[in-house]
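Shown next: structure_9.txt, containing compact mmCIF, C-alpha atoms.
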# COMPACT_ATOMS: atom_id res chain seq x y z
CA MET J 790 -13.42 13.94 27.91
CA GLU J 791 -13.72 10.59 29.64
CA ILE J 792 -11.03 8.02 28.82
CA ALA J 793 -11.91 4.34 29.07
CA LYS J 794 -9.32 1.57 28.79
CA THR J 795 -11.59 -1.40 29.43
CA VAL J 796 -14.99 -2.51 28.23
CA SER J 797 -16.40 -2.23 31.75
CA GLU J 798 -15.13 1.36 32.08
CA LEU J 799 -16.66 2.30 28.75
CA ARG J 800 -20.02 0.80 29.59
CA SER J 801 -19.97 2.57 32.95
CA PHE J 802 -19.51 5.91 31.19
CA LEU J 803 -22.24 5.05 28.68
CA ALA J 804 -24.69 4.14 31.44
CA LYS J 805 -24.57 7.73 32.67
CA GLY J 806 -26.06 8.96 29.42
CA THR J 807 -28.80 6.37 28.97
CA ARG J 808 -32.08 8.06 28.21
CA LYS J 809 -34.83 7.94 25.60
CA ASN J 810 -33.76 8.95 22.10
CA TYR J 811 -30.12 9.36 23.19
CA SER J 812 -27.93 8.69 20.16
CA ILE J 813 -24.31 7.54 20.08
CA GLY J 814 -21.97 8.29 17.20
CA PHE J 815 -18.81 6.22 16.90
CA VAL J 816 -15.53 6.94 15.12
CA PRO J 817 -13.17 3.94 15.21
CA THR J 818 -9.53 4.82 14.47
CA MET J 819 -6.01 3.46 14.81
CA GLY J 820 -4.72 6.79 16.08
CA ALA J 821 -2.10 9.04 14.48
CA LEU J 822 -5.04 11.39 14.02
CA HIS J 823 -5.21 14.03 11.31
CA GLU J 824 -7.82 16.36 9.86
CA GLY J 825 -9.49 13.46 8.06
CA HIS J 826 -10.24 11.74 11.36
CA LEU J 827 -11.36 15.01 12.92
CA SER J 828 -13.83 15.58 10.10
CA LEU J 829 -15.48 12.28 11.09
CA VAL J 830 -15.61 13.44 14.71
CA ARG J 831 -17.32 16.67 13.64
CA ALA J 832 -19.81 14.77 11.51
CA SER J 833 -20.65 12.58 14.50
CA LYS J 834 -21.03 15.54 16.85
CA ALA J 835 -23.35 17.24 14.37
CA LYS J 836 -25.67 14.22 14.17
CA CYS J 837 -25.47 12.46 17.54
CA ASP J 838 -25.88 13.29 21.22
CA GLU J 839 -22.65 11.58 22.27
CA THR J 840 -19.50 10.89 20.28
CA ILE J 841 -17.14 8.05 21.10
CA VAL J 842 -13.75 7.70 19.45
CA SER J 843 -11.65 4.55 19.73
CA ILE J 844 -7.90 4.28 19.20
CA PHE J 845 -6.70 0.74 18.70
CA VAL J 846 -3.93 -0.42 16.38
CA ASN J 847 -5.48 -3.71 15.36
CA PRO J 848 -2.87 -6.46 14.99
CA THR J 849 -5.12 -8.88 13.11
CA GLN J 850 -5.35 -6.67 10.03
CA PHE J 851 -1.57 -6.65 9.53
CA ALA J 852 0.31 -9.50 7.89
CA GLN J 853 3.76 -10.33 9.25
CA THR J 854 5.41 -8.32 6.46
CA GLU J 855 3.21 -5.23 6.81
CA GLY J 856 4.98 -3.44 9.64
CA LEU J 857 2.58 -3.42 12.56
CA GLU J 858 5.38 -2.22 14.82
CA LYS J 859 6.07 0.73 12.48
CA TYR J 860 2.52 2.04 12.49
CA PRO J 861 2.65 5.60 13.95
CA ARG J 862 1.52 5.95 17.55
CA THR J 863 0.94 9.50 18.79
CA LEU J 864 -1.43 9.01 21.72
CA ASP J 865 -0.65 12.21 23.65
CA LYS J 866 -1.16 14.33 20.53
CA ASP J 867 -4.33 12.39 19.66
CA ILE J 868 -5.81 12.99 23.11
CA ALA J 869 -5.11 16.72 22.85
CA LEU J 870 -6.79 16.90 19.43
CA LEU J 871 -9.88 15.05 20.65
CA GLN J 872 -10.13 17.20 23.76
CA LYS J 873 -10.08 20.28 21.54
CA GLU J 874 -12.96 18.76 19.53
CA ASP J 875 -14.88 18.20 22.79
CA VAL J 876 -15.25 14.45 22.28
CA GLY J 877 -17.29 12.80 25.00
CA ILE J 878 -15.49 9.47 25.42
CA LEU J 879 -12.20 8.07 24.16
CA PHE J 880 -11.82 4.28 24.21
CA ILE J 881 -8.21 3.07 24.13
CA PRO J 882 -8.31 -0.67 24.83
CA SER J 883 -5.32 -2.97 25.00
CA LYS J 884 -4.84 -5.92 22.67
CA GLU J 885 -5.85 -8.22 25.55
CA GLU J 886 -9.08 -6.30 26.07
CA ILE J 887 -10.18 -6.74 22.45
CA TYR J 888 -8.74 -10.23 21.99
CA PRO J 889 -9.02 -12.11 25.31
CA SER J 890 -6.63 -14.97 25.95
CA GLY J 891 -7.46 -17.87 23.66
CA ALA J 892 -9.61 -15.78 21.31
CA ALA J 893 -10.31 -17.86 18.19
CA THR J 894 -13.25 -16.13 16.52
CA PHE J 895 -12.95 -14.20 13.27
CA VAL J 896 -15.49 -12.53 10.98
CA THR J 897 -15.10 -13.12 7.25
CA VAL J 898 -16.92 -11.23 4.52
CA GLU J 899 -16.63 -13.13 1.25
CA LYS J 900 -16.45 -12.03 -2.40
CA ILE J 901 -16.11 -8.27 -1.86
CA THR J 902 -12.84 -8.90 0.01
CA GLU J 903 -11.24 -11.01 -2.69
CA SER J 904 -10.04 -8.29 -5.07
CA PHE J 905 -7.81 -5.21 -4.95
CA GLU J 906 -6.82 -4.61 -1.32
CA GLY J 907 -8.08 -8.05 -0.39
CA ALA J 908 -5.97 -9.72 -3.07
CA ILE J 909 -2.83 -7.80 -2.12
CA ARG J 910 -3.42 -8.14 1.64
CA PRO J 911 -5.25 -11.49 2.00
CA THR J 912 -5.74 -11.37 5.79
CA HIS J 913 -6.48 -7.66 6.04
CA PHE J 914 -10.26 -7.53 5.77
CA ARG J 915 -10.76 -10.51 8.07
CA GLY J 916 -8.96 -8.50 10.74
CA VAL J 917 -10.94 -5.35 9.94
CA ALA J 918 -14.30 -7.12 10.03
CA THR J 919 -13.43 -8.88 13.28
CA VAL J 920 -12.29 -5.80 15.18
CA VAL J 921 -15.15 -3.65 13.88
CA THR J 922 -17.64 -6.32 14.94
CA SER J 923 -16.11 -6.33 18.43
CA LEU J 924 -16.14 -2.55 18.66
CA PHE J 925 -19.74 -2.30 17.46
CA THR J 926 -20.75 -4.89 20.05
CA ILE J 927 -18.92 -3.01 22.81
CA VAL J 928 -19.95 0.55 21.92
CA ARG J 929 -23.43 -0.15 20.50
CA PRO J 930 -23.64 3.04 18.44
CA GLU J 931 -26.57 4.25 16.40
CA VAL J 932 -24.23 5.65 13.73
CA ALA J 933 -20.61 4.82 12.87
CA PHE J 934 -18.48 7.14 10.75
CA PHE J 935 -15.80 6.09 8.24
CA GLY J 936 -13.78 7.91 5.61
CA GLN J 937 -14.23 7.43 1.88
CA LYS J 938 -10.46 7.14 1.35
CA ASP J 939 -10.66 3.53 2.54
CA LEU J 940 -13.45 2.83 0.08
CA GLN J 941 -13.18 -0.95 -0.05
CA GLN J 942 -13.11 -1.09 3.73
CA THR J 943 -16.32 0.92 3.91
CA ALA J 944 -17.95 -1.41 1.36
CA VAL J 945 -16.92 -4.44 3.43
CA ILE J 946 -18.26 -2.93 6.64
CA LYS J 947 -21.56 -1.90 5.06
CA ARG J 948 -22.01 -5.41 3.68
CA MET J 949 -21.19 -6.93 7.08
CA VAL J 950 -23.65 -4.62 8.87
CA ARG J 951 -26.36 -5.53 6.40
CA ASP J 952 -25.69 -9.27 6.46
CA LEU J 953 -25.43 -9.54 10.26
CA HIS J 954 -28.34 -7.18 10.97
CA PHE J 955 -26.39 -4.71 13.08
CA PRO J 956 -28.83 -2.06 14.34
CA LEU J 957 -26.80 0.92 13.20
CA LYS J 958 -26.18 3.19 10.24
CA ILE J 959 -22.85 3.57 8.45
CA GLU J 960 -21.97 7.11 7.38
CA VAL J 961 -19.19 7.43 4.80
CA CYS J 962 -17.66 10.91 4.82
CA GLU J 963 -15.81 12.57 1.97
CA THR J 964 -12.04 12.11 1.73
CA MET J 965 -10.14 15.03 3.24
CA ARG J 966 -7.27 16.28 1.10
CA GLU J 967 -4.24 18.45 1.52
CA PRO J 968 -4.38 21.75 -0.43
CA ASP J 969 -2.40 20.13 -3.26
CA GLY J 970 -4.82 17.20 -3.55
CA LEU J 971 -3.07 14.44 -1.61
CA ALA J 972 -5.54 12.34 0.37
CA MET J 973 -4.86 12.68 4.09
CA SER J 974 -3.42 9.51 5.59
CA SER J 975 -1.46 8.56 8.70
CA ARG J 976 1.07 6.98 6.35
CA ASN J 977 1.91 10.29 4.64
CA GLN J 978 4.35 11.10 7.44
CA PHE J 979 6.60 8.29 6.19
CA LEU J 980 7.18 10.06 2.87
CA SER J 981 10.43 11.91 2.24
CA ALA J 982 10.19 15.38 0.70
CA GLU J 983 10.77 13.97 -2.77
CA GLU J 984 8.29 11.13 -2.22
CA ARG J 985 5.72 13.58 -0.86
CA GLU J 986 5.95 15.58 -4.08
CA GLU J 987 5.62 12.47 -6.23
CA SER J 988 2.67 11.20 -4.18
CA LEU J 989 0.47 13.72 -6.00
CA ILE J 990 0.57 11.30 -8.91
CA LEU J 991 -2.29 9.34 -7.29
CA SER J 992 -4.82 12.16 -7.11
CA LYS J 993 -3.78 13.58 -10.48
CA THR J 994 -4.39 10.21 -12.10
CA ILE J 995 -7.79 9.45 -10.60
CA PHE J 996 -9.17 12.94 -11.17
CA TYR J 997 -7.98 12.80 -14.77
CA VAL J 998 -9.75 9.48 -15.30
CA ARG J 999 -12.91 10.83 -13.66
CA ASP J 1000 -12.92 13.92 -15.87
CA VAL J 1001 -12.46 12.09 -19.18
CA MET J 1002 -15.14 9.60 -18.22
CA LEU J 1003 -17.59 12.40 -17.47
CA GLU J 1004 -16.83 13.71 -20.95
CA GLY J 1005 -18.01 10.35 -22.33
CA MET J 1006 -14.80 8.41 -22.80
CA PRO J 1007 -15.35 4.61 -22.58
CA PHE J 1008 -14.22 3.03 -19.32
CA SER J 1009 -11.52 0.85 -20.86
CA VAL J 1010 -9.98 3.77 -22.76
CA ALA J 1011 -10.16 6.05 -19.70
CA ARG J 1012 -8.34 3.47 -17.59
CA LEU J 1013 -5.61 3.04 -20.21
CA ARG J 1014 -5.20 6.81 -20.48
CA GLY J 1015 -4.89 6.94 -16.68
CA VAL J 1016 -2.17 4.28 -16.64
CA ASN J 1017 -0.31 6.17 -19.36
CA LEU J 1018 -0.56 9.42 -17.37
CA PHE J 1019 0.72 7.69 -14.22
CA ASN J 1020 3.67 6.23 -16.11
CA SER J 1021 4.50 9.59 -17.68
CA LEU J 1022 4.64 11.28 -14.26
CA LYS J 1023 6.30 8.61 -12.15
CA LYS J 1024 9.90 8.60 -11.00
CA ARG J 1025 9.99 5.98 -8.29
CA ALA J 1026 6.29 5.21 -7.82
CA VAL J 1027 5.08 1.69 -8.61
CA LEU J 1028 1.44 1.31 -9.68
CA GLU J 1029 -0.32 -1.66 -8.07
CA TYR J 1030 -3.74 -1.10 -9.57
CA LEU J 1031 -5.87 1.51 -11.29
CA ASP J 1032 -9.44 0.46 -12.04
CA ILE J 1033 -13.01 1.64 -12.31
CA ILE J 1034 -15.41 -0.25 -10.09
CA ASN J 1035 -18.88 -0.36 -8.60
CA PRO J 1036 -18.29 1.15 -5.12
CA GLU J 1037 -20.82 -1.15 -3.46
CA THR J 1038 -19.69 -4.50 -4.87
CA PHE J 1039 -16.11 -3.72 -5.95
CA GLN J 1040 -16.76 -5.48 -9.21
CA LEU J 1041 -15.24 -3.91 -12.32
CA ALA J 1042 -17.56 -1.38 -13.93
CA GLU J 1043 -17.99 -1.24 -17.69
CA SER J 1044 -20.53 1.57 -17.89
CA PHE J 1045 -22.94 3.43 -15.72
CA LYS J 1046 -26.39 4.86 -16.14
CA VAL J 1047 -28.20 7.90 -14.78
CA ASN J 1048 -28.44 7.78 -10.96
CA GLU J 1049 -25.63 5.19 -10.77
CA GLU J 1050 -22.13 5.65 -9.44
CA ALA J 1051 -18.72 4.28 -10.25
CA ALA J 1052 -15.39 4.89 -8.55
CA VAL J 1053 -11.84 5.23 -9.79
CA ILE J 1054 -9.52 3.45 -7.36
CA ILE J 1055 -5.75 3.47 -7.24
CA ALA J 1056 -2.94 1.99 -5.16
CA ALA J 1057 0.74 2.71 -5.57
CA ARG J 1058 3.94 2.26 -3.66
CA ILE J 1059 6.31 5.20 -3.36
CA GLY J 1060 9.53 4.08 -1.78
CA GLU J 1061 8.57 2.05 1.27
CA THR J 1062 5.17 3.70 1.64
CA ARG J 1063 1.98 2.29 0.14
CA LEU J 1064 -0.83 4.75 -0.61
CA ILE J 1065 -4.40 4.33 -1.82
CA ASP J 1066 -6.95 6.82 -3.12
CA ASN J 1067 -10.25 6.98 -4.97
CA VAL J 1068 -12.84 9.31 -6.41
CA ILE J 1069 -16.54 8.70 -6.92
CA ILE J 1070 -18.02 9.36 -10.36
CA ALA J 1071 -21.70 10.23 -10.40
CA ALA J 1072 -23.46 9.72 -13.73
CA LYS J 1073 -25.06 12.81 -15.19
Now, as a test, write the supplied structure out as structure tokens.
Amino acid sequence: MEIAKTVSELRSFLAKGTRKNYSIGFVPTMGALHEGHLSLVRASKAKCDETIVSIFVNPTQFAQTEGLEKYPRTLDKDIALLQKEDVGILFIPSKEEIYPSGAATFVTVEKITESFEGAIRPTHFRGVATVVTSLFTIVRPEVAFFGQKDLQQTAVIKRMVRDLHFPLKIEVCETMREPDGLAMSSRNQFLSAEEREESLILSKTIFYVRDVMLEGMPFSVARLRGVNLFNSLKKRAVLEYLDIINPETFQLAESFKVNEEAAVIIAARIGETRLIDNVIIAAK
């Protein structure tokens, strides 16, 4: 596995593989890798000739109160995991490499970023869109792979790619879960044993809402039943939102038709740790 720390190093490695019909798959991450990230790597390797993974803890997507300095950094472990997966190139740029001195350009995606995660974290998606734009420009992949767990993020990135005519495809891969149903996340390691047990409240709630909706329960009733279930199970968890939305626009859904999709989304804080999850509902 080649390791590039600068844009020039990365492009030098990429130049070695330039040939007709040579495809590049890209998996951007912030490190602290787990099986969810590795599933994206495997999806890329299955579809593309070369797979590039980036590890960059992006400061612009954290507000001052969101604990950038506490974000887990496990670079040695991450490198070992990626080597085991036979990744071609790892890109680990510095902050100065991504944001040169005096950098003053940001990418803003409107409307879809104004609700849910965007309302709770007002500067978050501007930082995400900006860093992803930079990474796409640097790496120039044919396909980029993201996880469904960050559903609103994937919707923002797909909209940005469409609006700015990026010549690449976005692949959204299914959320990877622990055997007990908890969505895999780098933040799970912050949970105490008791908090880890209570964290199952998120997946239990969204799967319950999905199931009653598939049985024909109206959206508004299903949501209320979900909130009631969450409240009946919680000990210390605080629900931030539970809603049913269109996964492309992140507008509230009221019904869906055959061949349409909706998604149940949830965010909750358990102790000091904030978790999100979702499940897609496909109409029968």
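Of the listed residues J:Arg915, J:His826, J:Lys993, J:Lys859, the one whose atoms come nearest to Asn1067 (chain J) is J:Lys993, with distances taken using all atoms listed in the file.
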Extract, using all atoms listed in the file, all DNA, RNA and protein residues at most 8 Å from region 814-816 of chain J, discarding same-chain residues fewer than 3 positions from it, and format them as a ChimeraX atom specification.
/J:829-830,833-834,836-843,928,930-935
Output C-alpha atoms for every residue in the selection just made, as a PDB file, in the coordinates of the input.
ATOM      1  CA  LEU J 829     -15.480  12.280  11.090  1.00  0.00           C
ATOM      2  CA  VAL J 830     -15.610  13.440  14.710  1.00  0.00           C
ATOM      3  CA  SER J 833     -20.650  12.580  14.500  1.00  0.00           C
ATOM      4  CA  LYS J 834     -21.030  15.540  16.850  1.00  0.00           C
ATOM      5  CA  LYS J 836     -25.670  14.220  14.170  1.00  0.00           C
ATOM      6  CA  CYS J 837     -25.470  12.460  17.540  1.00  0.00           C
ATOM      7  CA  ASP J 838     -25.880  13.290  21.220  1.00  0.00           C
ATOM      8  CA  GLU J 839     -22.650  11.580  22.270  1.00  0.00           C
ATOM      9  CA  THR J 840     -19.500  10.890  20.280  1.00  0.00           C
ATOM     10  CA  ILE J 841     -17.140   8.050  21.100  1.00  0.00           C
ATOM     11  CA  VAL J 842     -13.750   7.700  19.450  1.00  0.00           C
ATOM     12  CA  SER J 843     -11.650   4.550  19.730  1.00  0.00           C
ATOM     13  CA  VAL J 928     -19.950   0.550  21.920  1.00  0.00           C
ATOM     14  CA  PRO J 930     -23.640   3.040  18.440  1.00  0.00           C
ATOM     15  CA  GLU J 931     -26.570   4.250  16.400  1.00  0.00           C
ATOM     16  CA  VAL J 932     -24.230   5.650  13.730  1.00  0.00           C
ATOM     17  CA  ALA J 933     -20.610   4.820  12.870  1.00  0.00           C
ATOM     18  CA  PHE J 934     -18.480   7.140  10.750  1.00  0.00           C
ATOM     19  CA  PHE J 935     -15.800   6.090   8.240  1.00  0.00           C
TER      20      PHE J 935
END
Neighbours of Val917 (chain J) within 9 Å (all atoms listed in the file; same-chain residues fewer than 2 positions away dropped), as number ranges by chain?
J: 847, 849-850, 896, 912-915, 919-922, 942, 945-946
Generate the output file for the selected residues, C-alpha atoms, as a JSON list (two decimals), in the coordinates of the input.
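Below is the file that was written, out_9.json:
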[["chain", "number", "residue", "atom", "x", "y", "z"],
["J", 847, "ASN", "CA", -5.48, -3.71, 15.36],
["J", 849, "THR", "CA", -5.12, -8.88, 13.11],
["J", 850, "GLN", "CA", -5.35, -6.67, 10.03],
["J", 896, "VAL", "CA", -15.49, -12.53, 10.98],
["J", 912, "THR", "CA", -5.74, -11.37, 5.79],
["J", 913, "HIS", "CA", -6.48, -7.66, 6.04],
["J", 914, "PHE", "CA", -10.26, -7.53, 5.77],
["J", 915, "ARG", "CA", -10.76, -10.51, 8.07],
["J", 919, "THR", "CA", -13.43, -8.88, 13.28],
["J", 920, "VAL", "CA", -12.29, -5.80, 15.18],
["J", 921, "VAL", "CA", -15.15, -3.65, 13.88],
["J", 922, "THR", "CA", -17.64, -6.32, 14.94],
["J", 942, "GLN", "CA", -13.11, -1.09, 3.73],
["J", 945, "VAL", "CA", -16.92, -4.44, 3.43],
["J", 946, "ILE", "CA", -18.26, -2.93, 6.64]]
Between CA of Phe955 (chain J) and CA of Ile1069 (chain J), what is the spacing in Å?
26.0 Å
Counting only C-alpha atoms, which residue out of J:Met1006, J:Leu991, J:Leu1013, J:Ala893 sits closest to Leu1064 (chain J)?
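The shortest atom-to-atom distance to Leu1064 (chain J) comes from J:Leu991.
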Would you compute the distance between CA of Arg1058 (chain J) and CA of Ser988 (chain J)? Give it in Å to one decimal.
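CA of Ser988 (chain J) lies at a distance of 9.0 Å from CA of Arg1058 (chain J).
For the choices J:Thr897, J:Thr854, J:Thr926, J:Gln937, the atom-to-atom distance to Arg910 (chain J) is smallest for J:Thr854 when using all atoms listed in the file.
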Just how far from CA of Lys958 (chain J) is CA of Glu874 (chain J), in Å to one decimal?
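Interatomic distance here is 22.4 Å.
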With only C-alpha atoms counted, which protein, DNA or RNA residues have an atom no more than 12 Å from (-2.1, 1.1, 17.8) in the file frame? Please answer as an mmCIF file with C-alpha atoms, in the frame of the given file.
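Output contents, as saved in result.cif:
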data_model
loop_
_atom_site.group_PDB
_atom_site.id
_atom_site.type_symbol
_atom_site.label_atom_id
_atom_site.label_comp_id
_atom_site.auth_asym_id
_atom_site.auth_seq_id
_atom_site.Cartn_x
_atom_site.Cartn_y
_atom_site.Cartn_z
ATOM 1 C CA PRO J 817 -13.170 3.940 15.210
ATOM 2 C CA THR J 818 -9.530 4.820 14.470
ATOM 3 C CA MET J 819 -6.010 3.460 14.810
ATOM 4 C CA GLY J 820 -4.720 6.790 16.080
ATOM 5 C CA ALA J 821 -2.100 9.040 14.480
ATOM 6 C CA LEU J 822 -5.040 11.390 14.020
ATOM 7 C CA SER J 843 -11.650 4.550 19.730
ATOM 8 C CA ILE J 844 -7.900 4.280 19.200
ATOM 9 C CA PHE J 845 -6.700 0.740 18.700
ATOM 10 C CA VAL J 846 -3.930 -0.420 16.380
ATOM 11 C CA ASN J 847 -5.480 -3.710 15.360
ATOM 12 C CA PRO J 848 -2.870 -6.460 14.990
ATOM 13 C CA THR J 849 -5.120 -8.880 13.110
ATOM 14 C CA GLN J 850 -5.350 -6.670 10.030
ATOM 15 C CA PHE J 851 -1.570 -6.650 9.530
ATOM 16 C CA GLY J 856 4.980 -3.440 9.640
ATOM 17 C CA LEU J 857 2.580 -3.420 12.560
ATOM 18 C CA GLU J 858 5.380 -2.220 14.820
ATOM 19 C CA LYS J 859 6.070 0.730 12.480
ATOM 20 C CA TYR J 860 2.520 2.040 12.490
ATOM 21 C CA PRO J 861 2.650 5.600 13.950
ATOM 22 C CA ARG J 862 1.520 5.950 17.550
ATOM 23 C CA THR J 863 0.940 9.500 18.790
ATOM 24 C CA LEU J 864 -1.430 9.010 21.720
ATOM 25 C CA ASP J 867 -4.330 12.390 19.660
ATOM 26 C CA ILE J 881 -8.210 3.070 24.130
ATOM 27 C CA PRO J 882 -8.310 -0.670 24.830
ATOM 28 C CA SER J 883 -5.320 -2.970 25.000
ATOM 29 C CA LYS J 884 -4.840 -5.920 22.670
ATOM 30 C CA SER J 975 -1.460 8.560 8.700
#
Contact table region 927-1006 of chain J vs region 1030-1048 of chain J, cut-off 10 Å, shortest pair per residue, all atoms listed in the file, as JSON lines:
{"residue": "J:Leu940", "atom": "CA", "partner": "J:Pro1036", "partner_atom": "CA", "distance": 7.3}
{"residue": "J:Gln941", "atom": "CA", "partner": "J:Phe1039", "partner_atom": "CA", "distance": 7.1}
{"residue": "J:Thr943", "atom": "CA", "partner": "J:Glu1037", "partner_atom": "CA", "distance": 8.9}
{"residue": "J:Ala944", "atom": "CA", "partner": "J:Glu1037", "partner_atom": "CA", "distance": 5.6}
{"residue": "J:Val945", "atom": "CA", "partner": "J:Glu1037", "partner_atom": "CA", "distance": 8.6}
{"residue": "J:Lys947", "atom": "CA", "partner": "J:Glu1037", "partner_atom": "CA", "distance": 8.6}
{"residue": "J:Arg948", "atom": "CA", "partner": "J:Glu1037", "partner_atom": "CA", "distance": 8.4}
{"residue": "J:Leu991", "atom": "CA", "partner": "J:Leu1031", "partner_atom": "CA", "distance": 9.5}
{"residue": "J:Thr994", "atom": "CA", "partner": "J:Leu1031", "partner_atom": "CA", "distance": 8.9}
{"residue": "J:Ile995", "atom": "CA", "partner": "J:Leu1031", "partner_atom": "CA", "distance": 8.2}
{"residue": "J:Val998", "atom": "CA", "partner": "J:Ile1033", "partner_atom": "CA", "distance": 9.0}
{"residue": "J:Arg999", "atom": "CA", "partner": "J:Ile1033", "partner_atom": "CA", "distance": 9.3}
{"residue": "J:Met1002", "atom": "CA", "partner": "J:Ser1044", "partner_atom": "CA", "distance": 9.7}
From the options J:Ala1051, J:Val1068, J:Ser923, J:Asp939, which residue's atoms come nearest to Phe905 (chain J), counting only C-alpha atoms?
J:Asp939
Proximity to Arg800 (chain J) - best of J:Ala852, J:Ile927, J:Val1001, J:Ala832, only C-alpha atoms:
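Smallest separation from Arg800 (chain J) among the options: J:Ile927.
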Option closest in space to Asp1000 (chain J), from J:Gly1060, J:Ile1070, J:Glu983, J:Gln978 [counting all atoms listed in the file]:
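Among J:Gly1060, J:Ile1070, J:Glu983, J:Gln978, it is J:Ile1070 that comes nearest to Asp1000 (chain J).
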Using the atoms already present, construct N, CA and C atoms for region 887-905 of chain J and hand them back as a compact mmCIF listing (two decimals), in the coordinates of the input.
# COMPACT_ATOMS: atom_id res chain seq x y z
N ILE J 887 -9.43 -6.44 23.67
CA ILE J 887 -10.18 -6.74 22.45
C ILE J 887 -10.11 -8.21 22.10
N TYR J 888 -8.93 -8.81 22.30
CA TYR J 888 -8.74 -10.23 21.99
C TYR J 888 -8.34 -10.96 23.28
N PRO J 889 -9.33 -11.40 24.06
CA PRO J 889 -9.02 -12.11 25.31
C PRO J 889 -8.17 -13.35 25.05
N SER J 890 -7.49 -13.79 26.07
CA SER J 890 -6.63 -14.97 25.95
C SER J 890 -7.40 -16.15 25.35
N GLY J 891 -6.82 -16.73 24.31
CA GLY J 891 -7.46 -17.87 23.66
C GLY J 891 -8.49 -17.50 22.60
N ALA J 892 -8.63 -16.22 22.30
CA ALA J 892 -9.61 -15.78 21.31
C ALA J 892 -9.38 -16.50 19.98
N ALA J 893 -10.45 -17.06 19.41
CA ALA J 893 -10.31 -17.86 18.19
C ALA J 893 -11.45 -17.61 17.21
N THR J 894 -12.10 -16.45 17.36
CA THR J 894 -13.25 -16.13 16.52
C THR J 894 -12.90 -15.01 15.56
N PHE J 895 -13.19 -15.22 14.28
CA PHE J 895 -12.95 -14.20 13.27
C PHE J 895 -14.21 -14.01 12.43
N VAL J 896 -14.36 -12.84 11.86
CA VAL J 896 -15.49 -12.53 10.98
C VAL J 896 -14.95 -12.40 9.56
N THR J 897 -15.54 -13.13 8.64
CA THR J 897 -15.10 -13.12 7.25
C THR J 897 -16.24 -12.69 6.34
N VAL J 898 -15.98 -11.69 5.54
CA VAL J 898 -16.92 -11.23 4.52
C VAL J 898 -16.38 -11.69 3.17
N GLU J 899 -17.13 -12.52 2.48
CA GLU J 899 -16.63 -13.13 1.25
C GLU J 899 -16.90 -12.26 0.03
N LYS J 900 -16.29 -12.62 -1.08
CA LYS J 900 -16.45 -12.03 -2.40
C LYS J 900 -15.91 -10.60 -2.47
N ILE J 901 -16.53 -9.67 -1.75
CA ILE J 901 -16.11 -8.27 -1.86
C ILE J 901 -14.69 -8.06 -1.34
N THR J 902 -14.19 -9.01 -0.56
CA THR J 902 -12.84 -8.90 0.01
C THR J 902 -11.78 -9.61 -0.82
N GLU J 903 -12.16 -10.15 -1.95
CA GLU J 903 -11.24 -11.01 -2.69
C GLU J 903 -10.44 -10.29 -3.78
N SER J 904 -10.73 -9.03 -4.02
CA SER J 904 -10.04 -8.29 -5.07
C SER J 904 -9.34 -7.07 -4.50
N PHE J 905 -8.49 -6.46 -5.29
CA PHE J 905 -7.81 -5.21 -4.95
C PHE J 905 -7.10 -5.30 -3.60
